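Just upload.csv here, CSV, C-alpha atoms:
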```csv
chain,number,residue,atom,x,y,z
A,1,MET,CA,94.6,-130.8,89.6
A,2,THR,CA,92.9,-127.4,89.9
A,3,ALA,CA,95.1,-124.7,91.4
A,4,PRO,CA,93.7,-122.6,94.3
A,5,VAL,CA,91.9,-119.5,93.1
A,6,GLY,CA,94.5,-117.2,94.7
A,7,THR,CA,97.3,-118.6,92.6
A,8,ARG,CA,95.6,-118.5,89.2
A,9,SER,CA,96.0,-115.6,86.8
A,10,SER,CA,93.2,-113.7,85.0
A,11,ALA,CA,94.0,-115.5,81.8
A,12,ASP,CA,94.0,-118.9,83.6
A,13,LEU,CA,90.6,-118.2,85.3
A,14,ILE,CA,89.0,-117.0,82.0
A,15,ARG,CA,90.2,-120.1,80.2
A,16,ALA,CA,89.0,-122.3,83.1
A,17,GLU,CA,85.4,-120.9,82.7
A,18,GLU,CA,85.1,-121.9,79.1
A,19,PRO,CA,84.4,-125.6,79.5
A,20,VAL,CA,82.2,-125.3,82.6
A,21,LEU,CA,80.2,-122.1,82.2
A,22,ALA,CA,77.3,-121.6,79.9
A,23,HIS,CA,77.6,-118.7,77.5
A,24,ASN,CA,74.9,-116.4,78.8
A,25,TYR,CA,77.1,-113.3,79.0
A,26,HIS,CA,80.0,-111.8,77.0
A,27,PRO,CA,82.1,-110.2,79.8
A,28,LEU,CA,85.1,-108.1,79.3
A,29,PRO,CA,88.4,-109.9,80.0
A,30,VAL,CA,88.9,-108.6,83.5
A,31,VAL,CA,88.7,-110.9,86.6
A,32,VAL,CA,87.7,-108.9,89.7
A,33,ALA,CA,88.9,-110.3,93.0
A,34,ARG,CA,88.4,-107.4,95.5
A,35,ALA,CA,86.5,-104.1,95.6
A,36,GLU,CA,85.9,-101.1,97.8
A,37,GLY,CA,83.7,-98.1,97.1
A,38,THR,CA,84.1,-97.1,93.4
A,39,TRP,CA,87.2,-99.2,92.8
A,40,VAL,CA,87.7,-102.8,91.9
A,41,GLU,CA,91.0,-104.8,91.7
A,42,ASP,CA,91.8,-107.8,89.6
A,43,VAL,CA,93.7,-110.9,90.6
A,44,GLU,CA,97.0,-109.4,89.6
A,45,GLY,CA,96.3,-106.3,91.7
A,46,ARG,CA,95.4,-103.9,88.8
A,47,ARG,CA,92.9,-101.3,89.9
A,48,TYR,CA,89.9,-100.1,87.9
A,49,LEU,CA,87.3,-97.4,88.4
A,50,ASP,CA,83.9,-99.0,88.2
A,51,MET,CA,81.7,-96.9,85.9
A,52,LEU,CA,79.0,-99.5,85.5
A,53,ALA,CA,78.1,-100.4,89.2
A,54,GLY,CA,76.6,-103.7,88.3
A,55,TYR,CA,74.0,-102.2,86.0
A,56,SER,CA,72.9,-100.0,89.0
A,57,ALA,CA,72.9,-102.9,91.5
A,58,LEU,CA,75.9,-101.2,93.2
A,59,ASN,CA,74.4,-97.7,93.5
A,60,PHE,CA,76.0,-97.3,96.9
A,61,GLY,CA,79.4,-98.6,95.8
A,62,HIS,CA,81.1,-101.9,96.6
A,63,ARG,CA,80.9,-103.0,100.2
A,64,HIS,CA,79.2,-99.8,101.6
A,65,PRO,CA,80.0,-99.9,105.3
A,66,ALA,CA,76.5,-99.4,106.5
A,67,LEU,CA,75.2,-102.3,104.3
A,68,ILE,CA,78.1,-104.6,105.2
A,69,GLU,CA,77.4,-104.0,108.9
A,70,ALA,CA,73.7,-104.7,108.5
A,71,ALA,CA,74.5,-108.0,106.7
A,72,HIS,CA,77.1,-109.0,109.3
A,73,ARG,CA,74.7,-108.3,112.1
A,74,GLN,CA,72.0,-110.4,110.5
A,75,LEU,CA,74.3,-113.2,109.5
A,76,ASP,CA,75.0,-113.7,113.2
A,77,ARG,CA,71.3,-114.0,114.0
A,78,LEU,CA,69.1,-115.5,111.3
A,79,THR,CA,69.4,-115.8,107.5
A,80,LEU,CA,66.3,-117.8,106.4
A,81,THR,CA,63.0,-119.1,107.7
A,82,SER,CA,61.2,-119.4,104.3
A,83,ARG,CA,57.8,-117.7,104.2
A,84,ALA,CA,56.3,-120.6,106.0
A,85,PHE,CA,56.9,-118.5,109.2
A,86,HIS,CA,57.2,-114.8,110.0
A,87,ASN,CA,60.6,-113.2,110.6
A,88,ASP,CA,61.4,-110.2,112.8
A,89,ARG,CA,63.0,-108.1,109.9
A,90,LEU,CA,60.3,-108.2,107.2
A,91,ALA,CA,57.7,-105.8,108.7
A,92,GLU,CA,60.1,-102.9,109.0
A,93,PHE,CA,61.5,-103.5,105.5
A,94,ALA,CA,58.0,-103.4,104.0
A,95,GLU,CA,56.9,-100.4,106.1
A,96,ARG,CA,59.9,-98.3,105.2
A,97,LEU,CA,59.9,-99.2,101.5
A,98,ALA,CA,56.2,-98.4,101.2
A,99,THR,CA,56.8,-95.1,102.8
A,100,LEU,CA,59.8,-94.3,100.7
A,101,THR,CA,57.9,-94.9,97.5
A,102,GLY,CA,54.6,-93.4,98.5
A,103,LEU,CA,52.7,-96.6,98.0
A,104,ASP,CA,50.9,-99.1,100.3
A,105,MET,CA,52.0,-102.7,100.1
A,106,VAL,CA,55.1,-104.7,99.3
A,107,LEU,CA,55.6,-108.1,97.7
A,108,PRO,CA,59.2,-109.1,98.4
A,109,MET,CA,61.0,-111.2,95.8
A,110,ASN,CA,64.6,-111.9,94.9
A,111,THR,CA,65.7,-111.0,91.3
A,112,GLY,CA,64.5,-108.2,89.0
A,113,ALA,CA,63.0,-110.8,86.6
A,114,GLU,CA,61.0,-112.3,89.5
A,115,ALA,CA,59.6,-108.8,90.3
A,116,VAL,CA,58.5,-108.4,86.7
A,117,GLU,CA,57.0,-111.8,86.6
A,118,SER,CA,55.2,-111.1,89.8
A,119,GLY,CA,54.0,-107.8,88.6
A,120,ILE,CA,52.5,-109.4,85.5
A,121,LYS,CA,50.7,-112.0,87.6
A,122,VAL,CA,49.3,-109.3,90.0
A,123,ALA,CA,48.2,-107.2,87.0
A,124,ARG,CA,46.3,-110.1,85.4
A,125,LYS,CA,44.7,-111.1,88.7
A,126,TRP,CA,43.6,-107.5,89.3
A,127,ALA,CA,42.1,-107.4,85.8
A,128,TYR,CA,40.0,-110.5,86.4
A,129,ASP,CA,39.0,-109.8,90.0
A,130,VAL,CA,38.6,-106.1,89.9
A,131,LYS,CA,38.2,-104.9,86.4
A,132,GLY,CA,36.1,-107.8,85.3
A,133,VAL,CA,38.1,-108.9,82.2
A,134,PRO,CA,36.9,-112.4,81.0
A,135,ALA,CA,39.1,-115.3,82.1
A,136,ASP,CA,42.3,-115.7,80.2
A,137,ARG,CA,41.7,-112.6,78.1
A,138,ALA,CA,43.8,-110.1,79.9
A,139,THR,CA,46.4,-108.2,77.9
A,140,ILE,CA,49.4,-106.1,78.9
A,141,VAL,CA,50.8,-103.3,76.7
A,142,VAL,CA,54.6,-103.0,76.6
A,143,ALA,CA,57.1,-100.9,74.7
A,144,ALA,CA,59.4,-101.9,71.9
A,145,GLU,CA,63.1,-102.1,72.7
A,146,ASN,CA,62.2,-103.0,76.3
A,147,PHE,CA,64.3,-104.9,78.7
A,148,HIS,CA,62.5,-106.5,81.7
A,149,GLY,CA,64.5,-109.7,82.1
A,150,ARG,CA,65.1,-113.0,80.4
A,151,THR,CA,62.5,-115.5,81.6
A,152,THR,CA,60.4,-117.2,78.9
A,153,THR,CA,57.4,-115.0,79.6
A,154,ILE,CA,59.5,-111.8,79.6
A,155,VAL,CA,61.3,-112.6,76.3
A,156,SER,CA,57.9,-113.3,74.8
A,157,PHE,CA,57.4,-109.5,74.6
A,158,SER,CA,61.0,-108.5,73.8
A,159,THR,CA,61.9,-107.1,70.4
A,160,ASP,CA,65.5,-108.2,70.7
A,161,GLU,CA,65.8,-111.3,68.6
A,162,THR,CA,69.0,-112.3,70.3
A,163,ALA,CA,67.0,-112.7,73.5
A,164,ARG,CA,64.0,-114.4,71.8
A,165,ALA,CA,65.4,-116.7,69.0
A,166,GLY,CA,65.3,-120.4,69.9
A,167,PHE,CA,63.2,-120.0,73.1
A,168,GLY,CA,59.6,-120.2,71.8
A,169,PRO,CA,56.8,-121.0,72.0
A,170,PHE,CA,56.0,-117.7,73.6
A,171,THR,CA,53.6,-116.5,76.2
A,172,PRO,CA,50.5,-114.8,74.7
A,173,GLY,CA,48.8,-111.7,76.1
A,174,PHE,CA,51.1,-108.9,75.3
A,175,ARG,CA,50.9,-106.0,72.8
A,176,ILE,CA,54.0,-104.1,71.8
A,177,VAL,CA,53.9,-100.4,70.8
A,178,PRO,CA,56.7,-98.0,70.1
A,179,TYR,CA,58.3,-96.3,73.1
A,180,ASN,CA,57.6,-92.6,73.7
A,181,ASP,CA,54.5,-92.8,71.4
A,182,LEU,CA,51.2,-91.9,73.3
A,183,ALA,CA,49.1,-92.2,70.2
A,184,ALA,CA,50.2,-95.8,69.6
A,185,LEU,CA,49.7,-96.6,73.3
A,186,GLU,CA,46.2,-95.2,73.2
A,187,ALA,CA,45.3,-97.3,70.2
A,188,ALA,CA,46.6,-100.5,71.8
A,189,VAL,CA,44.7,-100.2,75.1
A,190,ASP,CA,41.2,-101.6,75.2
A,191,GLU,CA,38.7,-103.2,77.6
A,192,THR,CA,41.0,-106.3,78.0
A,193,THR,CA,44.1,-104.3,79.0
A,194,ALA,CA,45.2,-105.1,82.5
A,195,ALA,CA,48.3,-102.8,82.5
A,196,VAL,CA,50.8,-100.8,80.7
A,197,LEU,CA,54.3,-102.0,81.6
A,198,LEU,CA,57.1,-99.5,80.9
A,199,GLU,CA,60.6,-98.5,81.9
A,200,PRO,CA,60.5,-94.8,82.7
A,201,ILE,CA,64.0,-94.8,81.1
A,202,GLN,CA,65.0,-97.7,78.8
A,203,GLY,CA,68.4,-98.8,80.2
A,204,GLU,CA,69.4,-101.7,78.0
A,205,ALA,CA,68.2,-99.8,74.9
A,206,GLY,CA,70.9,-97.2,75.6
A,207,VAL,CA,69.5,-95.1,78.4
A,208,VAL,CA,66.6,-93.8,76.2
A,209,ILE,CA,64.8,-91.0,77.9
A,210,PRO,CA,61.2,-90.3,76.7
A,211,ASP,CA,60.0,-86.8,75.8
A,212,GLU,CA,58.9,-84.6,78.7
A,213,GLY,CA,55.2,-85.3,79.3
A,214,TYR,CA,55.3,-88.9,78.1
A,215,LEU,CA,55.1,-90.5,81.5
A,216,THR,CA,52.4,-88.0,82.6
A,217,GLY,CA,50.5,-88.9,79.5
A,218,VAL,CA,50.8,-92.6,80.3
A,219,ARG,CA,49.5,-92.0,83.8
A,220,GLU,CA,46.5,-90.0,82.5
A,221,LEU,CA,45.8,-92.5,79.8
A,222,THR,CA,45.8,-95.5,82.1
A,223,ARG,CA,43.6,-93.8,84.6
A,224,ARG,CA,41.1,-92.8,81.9
A,225,LYS,CA,41.1,-96.3,80.3
A,226,GLY,CA,40.8,-98.1,83.7
A,227,CYS,CA,44.1,-100.1,83.6
A,228,LEU,CA,47.2,-100.1,85.7
A,229,PHE,CA,50.5,-98.3,85.1
A,230,VAL,CA,53.3,-100.6,86.0
A,231,ALA,CA,56.7,-98.8,86.2
A,232,ASP,CA,59.8,-101.0,86.0
A,233,GLU,CA,62.4,-99.0,88.0
A,234,ILE,CA,64.7,-101.9,88.5
A,235,GLN,CA,67.6,-100.0,86.9
A,236,SER,CA,66.3,-96.4,87.0
A,237,GLY,CA,65.1,-96.4,90.6
A,238,LEU,CA,66.7,-95.8,94.0
A,239,GLY,CA,68.7,-92.7,93.4
A,240,ARG,CA,70.2,-93.4,90.0
A,241,THR,CA,68.6,-90.4,88.1
A,242,GLY,CA,68.8,-87.8,90.9
A,243,ARG,CA,65.4,-88.7,92.4
A,244,THR,CA,64.4,-91.7,94.4
A,245,LEU,CA,62.4,-92.9,91.4
A,246,ALA,CA,62.7,-91.8,87.7
A,247,VAL,CA,58.9,-91.2,87.5
A,248,GLU,CA,59.3,-88.4,90.1
A,249,HIS,CA,60.9,-86.2,87.3
A,250,GLU,CA,57.3,-85.8,86.1
A,251,GLY,CA,55.6,-86.1,89.4
A,252,VAL,CA,54.0,-89.4,88.4
A,253,VAL,CA,52.9,-92.1,90.9
A,254,PRO,CA,52.3,-95.5,89.2
A,255,ASP,CA,49.9,-98.1,90.4
A,256,VAL,CA,52.6,-100.7,90.6
A,257,LEU,CA,56.3,-100.2,91.0
A,258,LEU,CA,59.0,-102.8,90.3
A,259,LEU,CA,62.3,-102.6,92.2
A,260,GLY,CA,65.4,-104.7,92.3
A,261,LYS,CA,69.2,-104.4,91.8
A,262,ALA,CA,70.2,-101.6,94.2
A,263,LEU,CA,67.6,-102.7,96.7
A,264,GLY,CA,70.0,-105.5,97.6
A,265,GLY,CA,73.0,-103.1,98.1
A,266,GLY,CA,75.2,-105.3,95.9
A,267,ILE,CA,75.2,-107.9,98.7
A,268,VAL,CA,72.1,-110.2,98.2
A,269,PRO,CA,69.5,-110.3,95.5
A,270,VAL,CA,66.4,-108.3,96.7
A,271,SER,CA,63.5,-107.2,94.6
A,272,ALA,CA,60.0,-106.1,95.3
A,273,VAL,CA,56.6,-105.3,93.8
A,274,VAL,CA,55.3,-102.2,95.5
A,275,ALA,CA,51.7,-101.1,94.8
A,276,ARG,CA,48.4,-99.7,96.0
A,277,ARG,CA,46.6,-101.8,98.6
A,278,ASP,CA,43.7,-102.5,96.2
A,279,VAL,CA,46.1,-103.9,93.6
A,280,LEU,CA,48.4,-106.1,95.7
A,281,GLY,CA,45.4,-107.0,97.9
A,282,VAL,CA,44.1,-109.3,95.2
A,283,LEU,CA,46.7,-111.9,96.1
A,284,ARG,CA,45.5,-114.6,98.6
A,285,PRO,CA,47.6,-117.1,100.5
A,286,GLY,CA,48.9,-119.9,98.2
A,287,GLU,CA,48.4,-117.9,95.0
A,288,HIS,CA,52.0,-116.7,94.8
A,289,GLY,CA,55.2,-117.2,96.8
A,290,SER,CA,59.0,-117.4,97.0
A,291,THR,CA,61.1,-119.4,99.5
A,292,PHE,CA,63.8,-116.8,99.7
A,293,GLY,CA,61.6,-113.7,99.0
A,294,GLY,CA,61.6,-111.5,102.1
A,295,ASN,CA,64.2,-113.6,103.9
A,296,PRO,CA,65.7,-112.0,107.1
A,297,LEU,CA,69.1,-111.3,105.5
A,298,ALA,CA,67.5,-109.7,102.5
A,299,ALA,CA,65.1,-107.7,104.6
A,300,ALA,CA,68.0,-106.5,106.9
A,301,VAL,CA,70.1,-105.3,103.9
A,302,GLY,CA,67.0,-103.9,102.1
A,303,THR,CA,66.1,-101.9,105.2
A,304,ALA,CA,69.6,-100.5,105.4
A,305,VAL,CA,69.4,-99.5,101.7
A,306,VAL,CA,66.1,-97.7,102.3
A,307,GLU,CA,67.7,-96.0,105.3
A,308,LEU,CA,70.5,-94.6,103.1
A,309,LEU,CA,67.9,-93.3,100.6
A,310,GLU,CA,65.7,-91.7,103.3
A,311,THR,CA,68.4,-89.1,103.9
A,312,GLY,CA,68.2,-87.8,100.3
A,313,GLU,CA,72.0,-87.7,100.2
A,314,PHE,CA,72.4,-90.1,97.3
A,315,GLN,CA,69.6,-88.5,95.2
A,316,ARG,CA,71.4,-85.1,95.6
A,317,ARG,CA,74.8,-86.6,94.7
A,318,ALA,CA,73.4,-88.1,91.6
A,319,ALA,CA,71.7,-84.9,90.6
A,320,GLU,CA,74.8,-82.7,91.3
A,321,LEU,CA,77.3,-85.1,89.8
A,322,GLY,CA,75.0,-85.7,86.9
A,323,THR,CA,75.7,-82.1,85.8
A,324,VAL,CA,79.5,-82.9,85.8
A,325,LEU,CA,78.7,-86.0,83.7
A,326,ARG,CA,76.5,-84.1,81.2
A,327,ASP,CA,79.0,-81.2,80.9
A,328,GLY,CA,81.8,-83.6,80.3
A,329,LEU,CA,80.0,-85.6,77.6
A,330,THR,CA,78.8,-82.4,75.9
A,331,GLY,CA,82.4,-81.4,75.4
A,332,LEU,CA,83.0,-84.7,73.6
A,333,VAL,CA,80.2,-84.4,71.1
A,334,GLY,CA,81.8,-84.1,67.7
A,335,ARG,CA,85.1,-85.4,69.1
A,336,GLY,CA,84.3,-89.1,68.9
A,337,VAL,CA,80.9,-88.9,70.5
A,338,VAL,CA,78.0,-88.4,68.1
A,339,GLY,CA,75.4,-88.0,70.8
A,340,PHE,CA,74.4,-89.0,74.3
A,341,ARG,CA,71.4,-89.3,76.7
A,342,ALA,CA,71.9,-88.6,80.4
A,343,ARG,CA,69.8,-88.3,83.5
A,344,GLY,CA,71.5,-88.1,86.9
A,345,LEU,CA,74.5,-90.4,87.0
A,346,TRP,CA,73.4,-92.5,84.1
A,347,ALA,CA,74.2,-92.0,80.4
A,348,GLY,CA,74.1,-93.8,77.1
A,349,VAL,CA,77.0,-92.6,74.9
A,350,ASP,CA,76.9,-93.1,71.2
A,351,ILE,CA,80.5,-93.5,69.9
A,352,ASP,CA,81.3,-92.6,66.3
A,353,PRO,CA,81.2,-96.0,64.5
A,354,ALA,CA,84.2,-95.0,62.5
A,355,ILE,CA,86.2,-95.0,65.8
A,356,GLY,CA,85.0,-98.4,67.0
A,357,THR,CA,82.2,-100.5,68.4
A,358,GLY,CA,80.9,-100.1,71.9
A,359,ARG,CA,82.8,-103.3,72.9
A,360,GLU,CA,86.0,-102.1,71.3
A,361,ILE,CA,85.8,-98.8,73.2
A,362,SER,CA,84.9,-100.6,76.4
A,363,LYS,CA,88.1,-102.8,76.1
A,364,LEU,CA,90.3,-99.8,75.4
A,365,LEU,CA,88.8,-98.1,78.5
A,366,MET,CA,89.4,-101.3,80.5
A,367,HIS,CA,93.1,-101.2,79.5
A,368,GLU,CA,93.2,-97.6,80.9
A,369,GLY,CA,91.6,-98.6,84.2
A,370,ILE,CA,88.0,-97.7,83.5
A,371,LEU,CA,85.2,-100.3,83.5
A,372,VAL,CA,82.1,-99.6,81.3
A,373,LYS,CA,79.9,-101.9,79.2
A,374,ASP,CA,78.6,-101.6,75.7
A,375,THR,CA,75.1,-102.0,74.4
A,376,HIS,CA,73.7,-102.1,70.9
A,377,GLY,CA,76.5,-101.3,68.4
A,378,SER,CA,78.6,-98.3,69.2
A,379,THR,CA,76.8,-97.3,72.4
A,380,ILE,CA,78.4,-97.5,75.9
A,381,ARG,CA,76.7,-97.1,79.2
A,382,LEU,CA,78.0,-95.0,82.1
A,383,ALA,CA,76.4,-95.7,85.5
A,384,PRO,CA,79.0,-95.2,88.3
A,385,PRO,CA,78.2,-95.8,91.9
A,386,LEU,CA,76.5,-92.8,93.5
A,387,THR,CA,79.5,-92.6,95.9
A,388,ILE,CA,81.8,-91.5,93.1
A,389,THR,CA,83.6,-88.2,93.6
A,390,ALA,CA,83.7,-85.3,91.2
A,391,GLU,CA,87.4,-85.9,90.7
A,392,GLU,CA,87.0,-89.6,89.9
A,393,LEU,CA,84.2,-88.7,87.5
A,394,ALA,CA,86.2,-86.1,85.8
A,395,SER,CA,89.2,-88.5,85.5
A,396,ALA,CA,87.0,-91.1,83.9
A,397,LEU,CA,85.7,-88.6,81.3
A,398,GLY,CA,89.3,-87.6,80.7
A,399,VAL,CA,90.3,-91.2,80.0
A,400,LEU,CA,87.3,-91.5,77.6
A,401,GLU,CA,88.5,-88.4,75.8
A,402,LYS,CA,92.0,-89.9,75.5
A,403,VAL,CA,90.7,-93.2,74.2
A,404,LEU,CA,88.5,-91.4,71.6
A,405,ARG,CA,91.4,-89.1,70.5
A,406,ARG,CA,93.7,-92.1,70.1
```

Could the structure of this file be written out as structure tokens, please?
Amino acid sequence: MTAPVGTRSSADLIRAEEPVLAHNYHPLPVVVARAEGTWVEDVEGRRYLDMLAGYSALNFGHRHPALIEAAHRQLDRLTLTSRAFHNDRLAEFAERLATLTGLDMVLPMNTGAEAVESGIKVARKWAYDVKGVPADRATIVVAAENFHGRTTTIVSFSTDETARAGFGPFTPGFRIVPYNDLAALEAAVDETTAAVLLEPIQGEAGVVIPDEGYLTGVRELTRRKGCLFVADEIQSGLGRTGRTLAVEHEGVVPDVLLLGKALGGGIVPVSAVVARRDVLGVLRPGEHGSTFGGNPLAAAVGTAVVELLETGEFQRRAAELGTVLRDGLTGLVGRGVVGFRARGLWAGVDIDPAIGTGREISKLLMHEGILVKDTHGSTIRLAPPLTITAEELASALGVLEKVLRR
């Protein structure tokens, strides 16, 4: 007989997952039961400072009061109509999100991968209807080491063999070029190119930040070549880098913007394709859809998220505390850290392989009450909630120093 969740230990719960859960993740051995702000608590009551924030899905921390209140209010009224009918929350969400991003129209979806898939469909439709690319000839140029999701189409243009192997045959129509290489991008774009799809900062690759001027060059090239610039800001957007969007660091406005993660406030999955009117306007009724996309609960929470960002408070916090993060990491270079890349409250930290792998360091930090996650060998990612205090951030960096010294 299965014991009630409240009476089962972390070890019991982890063992219980093994026979019934597919192995799609490799989580750290911590079982979170409660959370508030920047802190989480496991089933035994041990507390941890969350320095990952759900890969930026929790930019505003766990259970932010304004977001919880918005969800509660909507739960008492209406949760779902499907898009067969209108609902009274969707218009405001779309209006405010479009205004926040400086674009015209919104296509609401649920997960980040759905936003990417939808962006691909919209770009191809635009290429056929507006650019005049012959049917079924449209191409999309992407960057090596990208991470845009895990659907069959998306892994078709991944360069990560772990994500690809065993899942073919793959979707055609993509050209892969090195990231941060304008010459290679220029050579790959031709008359069939519908769009260039890029992450302004490559998160899964280790928070890889392109050279200054790269995004400006992409914007100029796509305008000159007559194709769309699609910016995947699912991880980098909504305050994480010290601006509302990472592209704003170069003053760039893409044609199509992909958002997700933090847009749902860590409460419900919310994503969106946001674009110019002439781009999203190519969709006609029946050509695309989602039962849950734009549902009233998602729209209510998403509107509350936009409202938090409209004040600029979280963007300022990320920028100011980003200086604390960068200064702390600079002090660790040569003392267990071989290098790092940081923008706002987001960093990829390369640990000396002689000390340990990224996963080994992540486990040591977990035992010290700090939660991070590894990526690619000896790199760990730091992406705390934007609500973290300077004291909490300094404490986490102190623990990292202690672990590396040990």

Q | Separation of CA of Leu280 (chain A) from CA of Met105 (chain A), in Å and rounded to one decimal | A |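 Spanning CA of Leu280 (chain A) to CA of Met105 (chain A) is a straight-line distance of 6.6 Å.
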
Q | For Ala298 (chain A), the nearest of the candidates A:Arg83, A:Arg34, A:Arg8, A:Arg89, counting only C-alpha atoms | A |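 Of the candidates, the smallest distance to Ala298 (chain A) is held by A:Arg89.
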
With all atoms listed in the file counted and 9 Å as the cut-off, give the residues of region 124-205 of chain A in contact with region 231-252 of chain A, each with its shortest interatomic distance in Å and the pair that gives it, as JSON lines.
```
{"residue": "A:His148", "atom": "CA", "partner": "A:Asp232", "partner_atom": "CA", "distance": 7.5}
{"residue": "A:Val196", "atom": "CA", "partner": "A:Ala231", "partner_atom": "CA", "distance": 8.3}
{"residue": "A:Leu197", "atom": "CA", "partner": "A:Ala231", "partner_atom": "CA", "distance": 6.1}
{"residue": "A:Leu198", "atom": "CA", "partner": "A:Ala231", "partner_atom": "CA", "distance": 5.4}
{"residue": "A:Glu199", "atom": "CA", "partner": "A:Asp232", "partner_atom": "CA", "distance": 4.9}
{"residue": "A:Pro200", "atom": "CA", "partner": "A:Val247", "partner_atom": "CA", "distance": 6.2}
{"residue": "A:Ile201", "atom": "CA", "partner": "A:Ser236", "partner_atom": "CA", "distance": 6.5}
{"residue": "A:Gln202", "atom": "CA", "partner": "A:Ser236", "partner_atom": "CA", "distance": 8.4}
{"residue": "A:Gly203", "atom": "CA", "partner": "A:Gln235", "partner_atom": "CA", "distance": 6.9}
```

Q: Determine the nearest neighbour of Asn295 (chain A) from the options A:His86, A:Arg46, A:Lys121, A:Arg73, counting only C-alpha atoms.
A: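 Checking each candidate against Asn295 (chain A), we get A:His86 as the closest.
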
Q.
I need the residue nearest Ala144 (chain A) from this list: A:Ala184, A:Ile355, A:Ala195, A:Ala319. Use all atoms listed in the file for the distance.
A. A:Ala184

Q. Restricting the calculation to all atoms listed in the file, which member of A:Glu401, A:Pro269, A:Val31, A:Val177 is positioned closest to Tyr48 (chain A)?
A. A:Val31

Who sits within 8 Å of Leu283 (chain A), all atoms listed in the file, same chain under 3 positions skipped, as a tab-separated table (two decimals) with C-alpha atoms, in the coordinates of the input:
```tsv
chain	number	residue	atom	x	y	z
A	122	VAL	CA	49.30	-109.30	90.00
A	125	LYS	CA	44.70	-111.10	88.70
A	280	LEU	CA	48.40	-106.10	95.70
A	287	GLU	CA	48.40	-117.90	95.00
A	288	HIS	CA	52.00	-116.70	94.80
```

Just the residues within 12 Å of region 389-393 of chain A, please, counting only C-alpha atoms, with nothing from its chain fewer than 5 positions along; format it as a JSON list (two decimals) with C-alpha atoms, in the frame of the given file.
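Dumped to out_35.json:
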```json
[["chain", "number", "residue", "atom", "x", "y", "z"],
["A", 37, "GLY", "CA", 83.70, -98.10, 97.10],
["A", 38, "THR", "CA", 84.10, -97.10, 93.40],
["A", 39, "TRP", "CA", 87.20, -99.20, 92.80],
["A", 48, "TYR", "CA", 89.90, -100.10, 87.90],
["A", 49, "LEU", "CA", 87.30, -97.40, 88.40],
["A", 50, "ASP", "CA", 83.90, -99.00, 88.20],
["A", 51, "MET", "CA", 81.70, -96.90, 85.90],
["A", 61, "GLY", "CA", 79.40, -98.60, 95.80],
["A", 314, "PHE", "CA", 72.40, -90.10, 97.30],
["A", 317, "ARG", "CA", 74.80, -86.60, 94.70],
["A", 318, "ALA", "CA", 73.40, -88.10, 91.60],
["A", 320, "GLU", "CA", 74.80, -82.70, 91.30],
["A", 321, "LEU", "CA", 77.30, -85.10, 89.80],
["A", 322, "GLY", "CA", 75.00, -85.70, 86.90],
["A", 323, "THR", "CA", 75.70, -82.10, 85.80],
["A", 324, "VAL", "CA", 79.50, -82.90, 85.80],
["A", 325, "LEU", "CA", 78.70, -86.00, 83.70],
["A", 326, "ARG", "CA", 76.50, -84.10, 81.20],
["A", 327, "ASP", "CA", 79.00, -81.20, 80.90],
["A", 328, "GLY", "CA", 81.80, -83.60, 80.30],
["A", 329, "LEU", "CA", 80.00, -85.60, 77.60],
["A", 345, "LEU", "CA", 74.50, -90.40, 87.00],
["A", 346, "TRP", "CA", 73.40, -92.50, 84.10],
["A", 369, "GLY", "CA", 91.60, -98.60, 84.20],
["A", 370, "ILE", "CA", 88.00, -97.70, 83.50],
["A", 382, "LEU", "CA", 78.00, -95.00, 82.10],
["A", 383, "ALA", "CA", 76.40, -95.70, 85.50],
["A", 384, "PRO", "CA", 79.00, -95.20, 88.30],
["A", 398, "GLY", "CA", 89.30, -87.60, 80.70],
["A", 399, "VAL", "CA", 90.30, -91.20, 80.00],
["A", 400, "LEU", "CA", 87.30, -91.50, 77.60]]
```

With 6 Å of padding per side, what axis-aligned box (centre and edge lengths, Å, one decimal) covers all the listed atoms of region 29-35 of chain A? Give it as AutoDock Vina command-line options.
```
--center_x 87.7 --center_y -107.5 --center_z 87.8 --size_x 14.4 --size_y 18.8 --size_z 27.6
```

Q | Near-Val403 (chain A) list (12 Å; all atoms listed in the file; drop same-chain fewer than 6 positions) as a PyMOL selection string | A | chain A and resi 332+335-337+351+355-356+360-370+396-397

**Q.** Atomic distance CA of Tyr214 (chain A) - CA of Thr330 (chain A), expressed in Å with one decimal
**A.**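 About the pair CA of Tyr214 (chain A) and CA of Thr330 (chain A): they are 24.5 Å apart.
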
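Taking only C-alpha atoms into account, Asn146 (chain A) lies nearest to A:Glu204 out of the set A:Glu204, A:Val130, A:His72, A:Phe93.
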
Q: Have a look at A:Leu182, A:Asp350, A:Phe292, A:Asp42 and name the one nearest to Asp211 (chain A); count all atoms listed in the file.
A: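 Among the listed residues, A:Leu182 lies closest to Asp211 (chain A).
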
Q: Counting only C-alpha atoms, note down every residue that has an atom within 8 Å of the point (68.9, -102.3, 91.6) (file coordinates), as number ranges by chain.
A: A: 55-59, 112, 234-238, 259-265, 271

Q: Give me the residues within 10 Å of Pro134 (chain A) as a PyMOL selection string, counting all atoms listed in the file and dropping any in the same chain fewer than 5 places off.
A: chain A and resi 127-129+191-192

**Q.** Neighbours of point (74.9, -91.5, 67.7) within 8 Å, using all atoms listed in the file, written as a PyMOL selection string
**A.** chain A and resi 337-340+349-352+378-379

Q: Grab the CA of Ala138 (chain A) to CA of Gly173 (chain A) distance for me, in Å with one decimal place.
A: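 For CA of Ala138 (chain A) relative to CA of Gly173 (chain A), the distance reads 6.5 Å.
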
**Q.** Residues near Ala113 (chain A), cut-off 7 Å, all atoms listed in the file, skip fewer than 6 positions along chain, as a list in words
**A.** His148, Gly149, Arg150 and Thr151 of chain A
